[in-house]
$ cat final_31.txt   # compact mmCIF, C-alpha atoms
# COMPACT_ATOMS: atom_id res chain seq x y z
CA MET P 13 -20.14 -51.13 -120.88
CA SER P 14 -21.81 -51.19 -117.50
CA MET P 15 -20.37 -50.55 -114.07
CA THR P 16 -21.64 -52.35 -110.96
CA LEU P 17 -20.73 -51.43 -107.41
CA ILE P 18 -19.46 -54.59 -105.68
CA GLU P 19 -18.50 -53.06 -102.32
CA THR P 20 -17.68 -49.65 -100.87
CA LYS P 21 -16.22 -48.93 -97.45
CA THR P 22 -15.44 -45.76 -95.55
CA LEU P 23 -13.08 -46.33 -92.65
CA ALA P 24 -14.63 -45.81 -89.22
CA SER P 25 -11.28 -46.49 -87.59
CA ALA P 26 -7.71 -46.18 -88.82
CA THR P 27 -6.22 -49.30 -90.32
CA THR P 28 -2.99 -50.21 -92.08
CA ALA P 29 -4.49 -52.28 -94.89
CA ILE P 30 -7.76 -52.74 -96.76
CA GLU P 31 -8.44 -56.04 -98.47
CA PHE P 32 -11.30 -57.19 -100.68
CA THR P 33 -11.75 -60.95 -100.66
CA SER P 34 -14.03 -63.36 -102.55
CA ILE P 35 -14.26 -61.00 -105.51
CA PRO P 36 -16.82 -62.47 -107.92
CA SER P 37 -15.40 -63.66 -111.25
CA THR P 38 -18.50 -62.68 -113.21
CA PHE P 39 -17.32 -59.32 -114.55
CA THR P 40 -15.03 -58.47 -117.45
CA ASP P 41 -12.80 -55.98 -115.62
CA LEU P 42 -12.47 -54.41 -112.19
CA SER P 43 -12.22 -50.76 -111.21
CA LEU P 44 -11.42 -49.20 -107.85
CA LYS P 45 -11.97 -45.62 -106.83
CA MET P 46 -10.26 -44.52 -103.67
CA LEU P 47 -9.85 -41.47 -101.48
CA LEU P 48 -7.02 -42.25 -99.08
CA ARG P 49 -4.89 -40.42 -96.55
CA SER P 50 -2.14 -41.60 -94.23
CA ASP P 51 -1.72 -40.54 -90.60
CA SER P 52 2.05 -40.68 -91.05
CA ASN P 53 3.57 -37.41 -89.80
CA THR P 54 4.87 -36.22 -93.15
CA PHE P 55 3.60 -34.49 -96.26
CA PHE P 56 3.58 -37.60 -98.41
CA THR P 57 4.32 -41.29 -98.12
CA ASP P 58 5.25 -43.38 -101.12
CA ASN P 59 6.12 -46.75 -99.64
CA ASN P 60 2.49 -47.88 -99.84
CA ASN P 61 1.75 -50.86 -102.06
CA PHE P 62 -0.87 -53.29 -103.30
CA THR P 63 -0.90 -57.03 -103.86
CA VAL P 64 -3.42 -59.47 -105.32
CA ASN P 65 -4.27 -63.01 -104.20
CA GLY P 66 -1.66 -62.68 -101.43
CA THR P 67 1.05 -62.99 -104.09
CA THR P 68 4.37 -61.46 -103.05
CA SER P 69 6.52 -61.88 -106.16
CA GLY P 70 6.47 -61.10 -109.88
CA TYR P 71 5.34 -57.46 -109.82
CA SER P 72 6.75 -54.66 -111.94
CA MET P 73 5.60 -51.16 -112.76
CA ILE P 74 6.43 -48.03 -114.69
CA GLY P 75 5.14 -44.56 -114.02
CA ILE P 76 5.30 -40.88 -114.73
CA PHE P 77 5.37 -38.38 -111.90
CA ASN P 78 4.09 -34.84 -112.57
CA GLY P 79 4.47 -35.43 -116.28
CA ALA P 80 8.23 -35.15 -116.22
CA ASN P 81 9.93 -37.75 -114.08
CA SER P 82 9.62 -41.37 -115.02
CA PHE P 83 10.32 -44.24 -112.67
CA ASN P 84 10.08 -47.99 -112.57
CA ALA P 85 10.24 -50.67 -109.93
CA SER P 86 9.79 -54.38 -109.46
CA GLY P 87 9.49 -56.73 -106.53
CA SER P 88 7.07 -58.19 -104.03
CA SER P 89 4.36 -55.55 -104.49
CA ILE P 90 3.59 -52.35 -106.39
CA LYS P 91 3.48 -48.79 -105.11
CA PHE P 92 0.09 -47.27 -105.89
CA SER P 93 0.29 -43.64 -104.86
CA LEU P 94 2.08 -40.70 -103.43
CA LEU P 95 -0.24 -40.64 -100.44
CA GLN P 96 -1.07 -37.48 -98.52
CA GLY P 97 0.16 -37.54 -94.93
CA ALA P 98 -0.67 -35.72 -91.71
CA GLN P 99 1.17 -32.53 -92.68
CA THR P 100 -1.05 -31.79 -95.67
CA THR P 101 -4.31 -29.86 -95.36
CA SER P 102 -6.68 -31.49 -92.85
CA ASN P 103 -9.41 -33.73 -94.19
CA SER P 104 -7.95 -33.78 -97.68
CA PHE P 105 -7.31 -37.03 -99.46
CA THR P 106 -5.38 -38.51 -102.35
CA ALA P 107 -7.61 -39.73 -105.16
CA VAL P 108 -6.66 -42.99 -106.85
CA ASP P 109 -8.45 -44.35 -109.91
CA PHE P 110 -7.52 -47.95 -110.60
CA TYR P 111 -8.34 -50.37 -113.44
CA ILE P 112 -7.73 -54.11 -113.81
CA PRO P 113 -8.62 -55.55 -117.22
CA ASN P 114 -9.47 -59.24 -117.68
CA TYR P 115 -8.92 -59.92 -113.98
CA SER P 116 -10.43 -63.39 -114.06
CA GLY P 117 -8.63 -64.55 -117.22
CA SER P 118 -5.77 -67.01 -117.33
CA THR P 119 -3.07 -64.63 -118.57
CA ASN P 120 -0.61 -62.43 -116.68
CA LYS P 121 -2.37 -59.60 -114.92
CA THR P 122 -2.02 -55.93 -115.82
CA PHE P 123 -3.02 -52.79 -113.97
CA GLY P 124 -3.41 -49.14 -114.90
CA TRP P 125 -4.02 -46.30 -112.48
CA GLN P 126 -3.60 -42.65 -111.70
CA SER P 127 -3.19 -40.83 -108.44
CA SER P 128 -3.53 -37.14 -107.64
CA THR P 129 -3.63 -35.05 -104.50
CA GLU P 130 -6.86 -33.32 -103.52
CA THR P 131 -5.15 -30.15 -102.32
CA GLN P 132 -3.19 -28.68 -105.19
CA THR P 133 -1.45 -25.89 -103.25
CA THR P 134 2.09 -24.59 -102.99
CA THR P 135 2.13 -25.72 -99.35
CA ASP P 136 0.89 -29.24 -99.95
CA GLY P 137 2.45 -29.62 -103.38
CA TYR P 138 1.07 -30.46 -106.80
CA TYR P 139 1.24 -34.13 -107.56
CA ILE P 140 -0.12 -36.50 -110.15
CA MET P 141 1.16 -39.95 -110.99
CA LEU P 142 0.26 -42.13 -113.96
CA MET P 143 1.23 -45.76 -113.64
CA ALA P 144 1.02 -49.17 -115.27
CA GLY P 145 1.80 -52.46 -113.59
CA LEU P 146 2.30 -56.11 -114.46
CA LEU P 147 2.04 -59.25 -112.38
CA THR P 148 3.56 -62.32 -114.01
CA ASN P 149 1.01 -64.67 -112.56
CA THR P 150 -1.92 -66.14 -114.47
CA ALA P 151 -4.23 -66.95 -111.55
CA PRO P 152 -7.61 -65.19 -111.64
CA ILE P 153 -7.78 -62.33 -109.16
CA SER P 154 -10.06 -63.09 -106.24
CA SER P 155 -8.60 -60.69 -103.69
CA ILE P 156 -6.81 -57.37 -103.72
CA ARG P 157 -5.13 -55.61 -100.86
CA PHE P 158 -3.87 -52.05 -100.37
CA ASN P 159 -1.22 -51.46 -97.70
CA SER P 160 -0.51 -48.04 -96.24
CA GLY P 161 3.21 -48.76 -95.83
CA ALA P 162 3.84 -45.97 -93.34
CA GLY P 163 1.22 -45.29 -90.67
CA ASN P 164 -2.45 -46.06 -91.15
CA PHE P 165 -5.16 -45.09 -93.58
CA VAL P 166 -7.12 -42.47 -91.63
CA VAL P 167 -10.78 -42.49 -90.64
CA GLY P 168 -12.86 -41.24 -93.57
CA SER P 169 -10.71 -42.90 -96.21
CA THR P 170 -13.00 -44.48 -98.78
CA ILE P 171 -12.48 -47.33 -101.20
CA SER P 172 -15.01 -48.64 -103.72
CA LEU P 173 -14.73 -51.73 -105.87
CA TYR P 174 -16.68 -51.91 -109.14
CA GLY P 175 -17.20 -54.67 -111.65
CA ILE P 176 -17.09 -53.65 -115.30
CA THR P 177 -19.06 -55.58 -117.89
CA LYS P 178 -18.45 -55.18 -121.60
CA GLY P 179 -21.34 -54.17 -123.80
CA SER P 180 -23.75 -51.26 -123.26
CA ASP P 181 -26.44 -53.55 -121.89
CA GLY P 182 -24.15 -55.88 -119.98
CA ILE P 183 -23.77 -58.28 -122.92
CA VAL P 184 -20.43 -58.83 -124.64
CA THR P 185 -20.70 -57.64 -128.24
CA THR P 186 -18.25 -57.61 -131.13
CA SER P 187 -18.14 -55.64 -134.36
CA PRO P 188 -17.94 -57.51 -137.68
CA MET T 28 1.73 -49.10 -75.30
CA THR T 29 2.52 -50.80 -78.62
CA GLU T 30 0.11 -49.96 -81.40
CA ILE T 31 -1.76 -52.96 -82.75
CA LEU T 32 -1.75 -52.78 -86.52
CA THR T 33 -4.95 -53.93 -88.18
CA LYS T 34 -6.43 -54.56 -91.61
CA LEU T 35 -9.98 -54.21 -92.83
CA VAL T 36 -11.12 -57.32 -94.67
CA VAL T 37 -14.17 -56.91 -96.88
CA ASP T 38 -15.76 -60.18 -97.99
CA CYS T 39 -17.41 -59.45 -101.34
CA SER T 40 -19.56 -62.59 -101.16
CA THR T 41 -21.29 -61.45 -97.97
CA GLY T 42 -20.59 -57.71 -97.78
CA GLU T 43 -19.21 -58.27 -94.30
CA ALA T 44 -16.28 -56.09 -93.23
CA THR T 45 -14.05 -57.22 -90.38
CA GLU T 46 -11.15 -55.40 -88.80
CA VAL T 47 -8.50 -57.87 -87.63
CA PRO T 48 -4.94 -57.55 -86.29
CA LEU T 49 -2.13 -58.24 -88.73
CA THR T 50 -0.71 -61.72 -88.41
CA THR T 51 2.94 -62.37 -87.61
CA GLU T 52 3.51 -63.17 -91.29
CA GLU T 53 1.85 -59.93 -92.38
CA LEU T 54 3.94 -57.91 -89.93
CA ALA T 55 7.07 -59.60 -91.29
CA GLN T 56 5.98 -58.82 -94.87
CA ARG T 57 5.37 -55.20 -93.89
CA GLU T 58 8.92 -55.02 -92.55
CA THR T 59 10.26 -56.71 -95.69
CA ASP T 60 8.38 -54.16 -97.82
CA ARG T 61 9.76 -51.30 -95.74
CA LEU T 62 13.35 -52.50 -96.13
CA ALA T 63 12.86 -53.09 -99.87
CA TYR T 64 11.45 -49.59 -100.23
CA GLU T 65 14.38 -48.07 -98.34
CA ALA T 66 16.87 -49.97 -100.50
CA GLN T 67 15.11 -48.85 -103.68
CA GLU T 68 15.02 -45.26 -102.47
CA ALA T 69 18.72 -45.33 -101.61
CA GLU T 70 19.47 -46.73 -105.05
CA ARG T 71 17.36 -44.08 -106.74
CA LEU T 72 18.94 -41.23 -104.76
CA ALA T 73 22.44 -42.54 -105.46
CA ALA T 74 21.66 -42.70 -109.18
CA GLU T 75 20.31 -39.13 -109.10
CA GLU T 76 23.40 -37.89 -107.27
CA ALA T 77 25.70 -39.66 -109.72
CA LYS T 78 23.79 -38.10 -112.62
CA GLU T 79 24.06 -34.61 -111.09
CA ALA T 80 27.77 -35.09 -110.44
CA ALA T 81 28.33 -36.21 -114.04
CA LYS T 82 26.36 -33.22 -115.29
CA ALA T 83 28.42 -30.79 -113.18
CA SER T 84 31.64 -32.41 -114.36
CA ALA T 85 30.56 -32.23 -118.01
CA ASN T 86 29.58 -28.57 -117.63
CA ALA T 87 32.93 -27.74 -116.06
CA LYS T 88 34.76 -29.41 -118.93
CA LEU T 89 32.68 -27.55 -121.51
CA LYS T 90 33.40 -24.27 -119.73
CA ALA T 91 37.09 -25.12 -119.71
CA LEU T 92 36.83 -25.39 -123.48
CA GLY T 93 35.53 -21.83 -123.57
CA LEU T 94 31.77 -22.34 -123.97
CA THR T 95 29.45 -19.83 -122.25
CA ASP T 96 26.54 -20.91 -120.02
CA SER T 97 24.01 -20.12 -122.76
CA GLU T 98 26.02 -22.12 -125.30
CA ILE T 99 26.18 -25.06 -122.91
CA ALA T 100 22.45 -24.80 -122.29
CA ALA T 101 21.82 -24.72 -126.04
CA ILE T 102 23.60 -28.02 -126.67
CA THR T 103 22.48 -29.84 -123.52
CA ALA T 104 18.81 -28.86 -123.35

$ encode --input "final_31.txt" --output "structure tokens"
Amino acid sequence: MSMTLIETKTLASATTAIEFTSIPSTFTDLSLKMLLRSDSNTFFTDNNNFTVNGTTSGYSMIGIFNGANSFNASGSSIKFSLLQGAQTTSNSFTAVDFYIPNYSGSTNKTFGWQSSTETQTTTDGYYIMLMAGLLTNTAPISSIRFNSGAGNFVVGSTISLYGITKGSDGIVTTSP
Amino acid sequence: MTEILTKLVVDCSTGEATEVPLTTEELAQRETDRLAYEAQEAERLAAEEAKEAAKASANAKLKALGLTDSEIAAITA
């Protein structure tokens, strides 16, 4: 398996959404690694969401919050994090690790990701979320968009998109 | 002054990143998402409250039958 950086961006100004377009279809899977923070005047926001290909229907997700509380949702988008807000420790971010298998295939699309807060303190709170999502749409993914929901993603937020190729040398291999 | 909401669009074919204002449709979708989130949250909180109320009611009935708190905890944990 090899991992290729497609694009990485660190915000120089606050913005409410980040969207990757014209994603090449040449990889096996996609992975995103993000450090995000909201300027919303609260500890955490959880009405953020992501969409792919501009599609606004057919999403569902299940998740576990702090290992104890499960939740599920469906609708026009999927929540991707419990995002740190302006009341948490300055210059700290929420880390999100995101994976999209077979993104350019012609089957329904699935997503797996985890999110955890950088500052694990009694003041800021201890949070980790593990989630899985489904989009009942078979179109290959050529764009993906993350919306802050409340407020903006702050300056310094970083998002990197990687292409994953099966096989240790970039070649798809199978075992007999 | 009204804040102009923007998005950062990163074109993977060129590497070019452009910050542009949200369109009218995107602003409407953002509002739709916000309302959907609020409705979902209200539903979740109502379900949690109903569950807590049922739990309190069940505990009260068990106590009325003569069970102690530790006995109730033993059968409900």

$ residues_near_point --input "final_31.txt" --point "(29.5, -19.4, -113.1)" --cutoff "10 Å" --atoms "only C-alpha atoms" --output "list in words"
Ala87, Lys90, Thr95 and Asp96 of chain T

$ closest_residue --input "final_31.txt" --among "T:Thr103, T:Thr33, T:Gln67, T:Ser97" --to "Lys82 (chain T)" --atoms "only C-alpha atoms"
T:Thr103

$ interface_residues --input "final_31.txt" --of "chain P" --to "chain T" --cutoff "6 Å" --atoms "only C-alpha atoms" --output "count of residues only"
9

$ residues_around --input "final_31.txt" --residues "region 141-153 of chain P" --least-positions-apart "3" --cutoff "8 Å" --atoms "only C-alpha atoms" --output "PyMOL selection string"
chain P and resi 35+37+64-65+70-79+90+92-94+115-128+156

$ axis_aligned_box --input "final_31.txt" --around "region 78-83 of chain P" --padding-each-side "8 Å" --output "lines of an AutoDock Vina configuration file"
center_x = 7.2
center_y = -39.5
center_z = -114.4
size_x = 22.2
size_y = 25.4
size_z = 19.7

$ atom_distance --input "final_31.txt" --atom1 "CA of Ala69 (chain T)" --atom2 "CA of Ser86 (chain P)"
14.9 Å

$ residues_near_point --input "final_31.txt" --point "(-12.2, -38.3, -93.9)" --cutoff "10 Å" --atoms "all atoms listed in the file" --output "ChimeraX atom specification"
/P:22-24,47-49,102-105,165-170

$ closest_residue --input "final_31.txt" --among "P:Ile18, P:Leu95, P:Met13, P:Ala26" --to "Gly161 (chain P)" --atoms "only C-alpha atoms"
P:Leu95

$ atom_distance --input "final_31.txt" --atom1 "CA of Gly175 (chain P)" --atom2 "CA of Met15 (chain P)"
5.7 Å

$ atom_distance --input "final_31.txt" --atom1 "CA of Gly163 (chain P)" --atom2 "CA of Asn53 (chain P)"
8.3 Å

$ closest_residue --input "final_31.txt" --among "P:Asn61, P:Gln99, P:Ser43, P:Asn164" --to "Ser25 (chain P)" --atoms "all atoms listed in the file"
P:Asn164
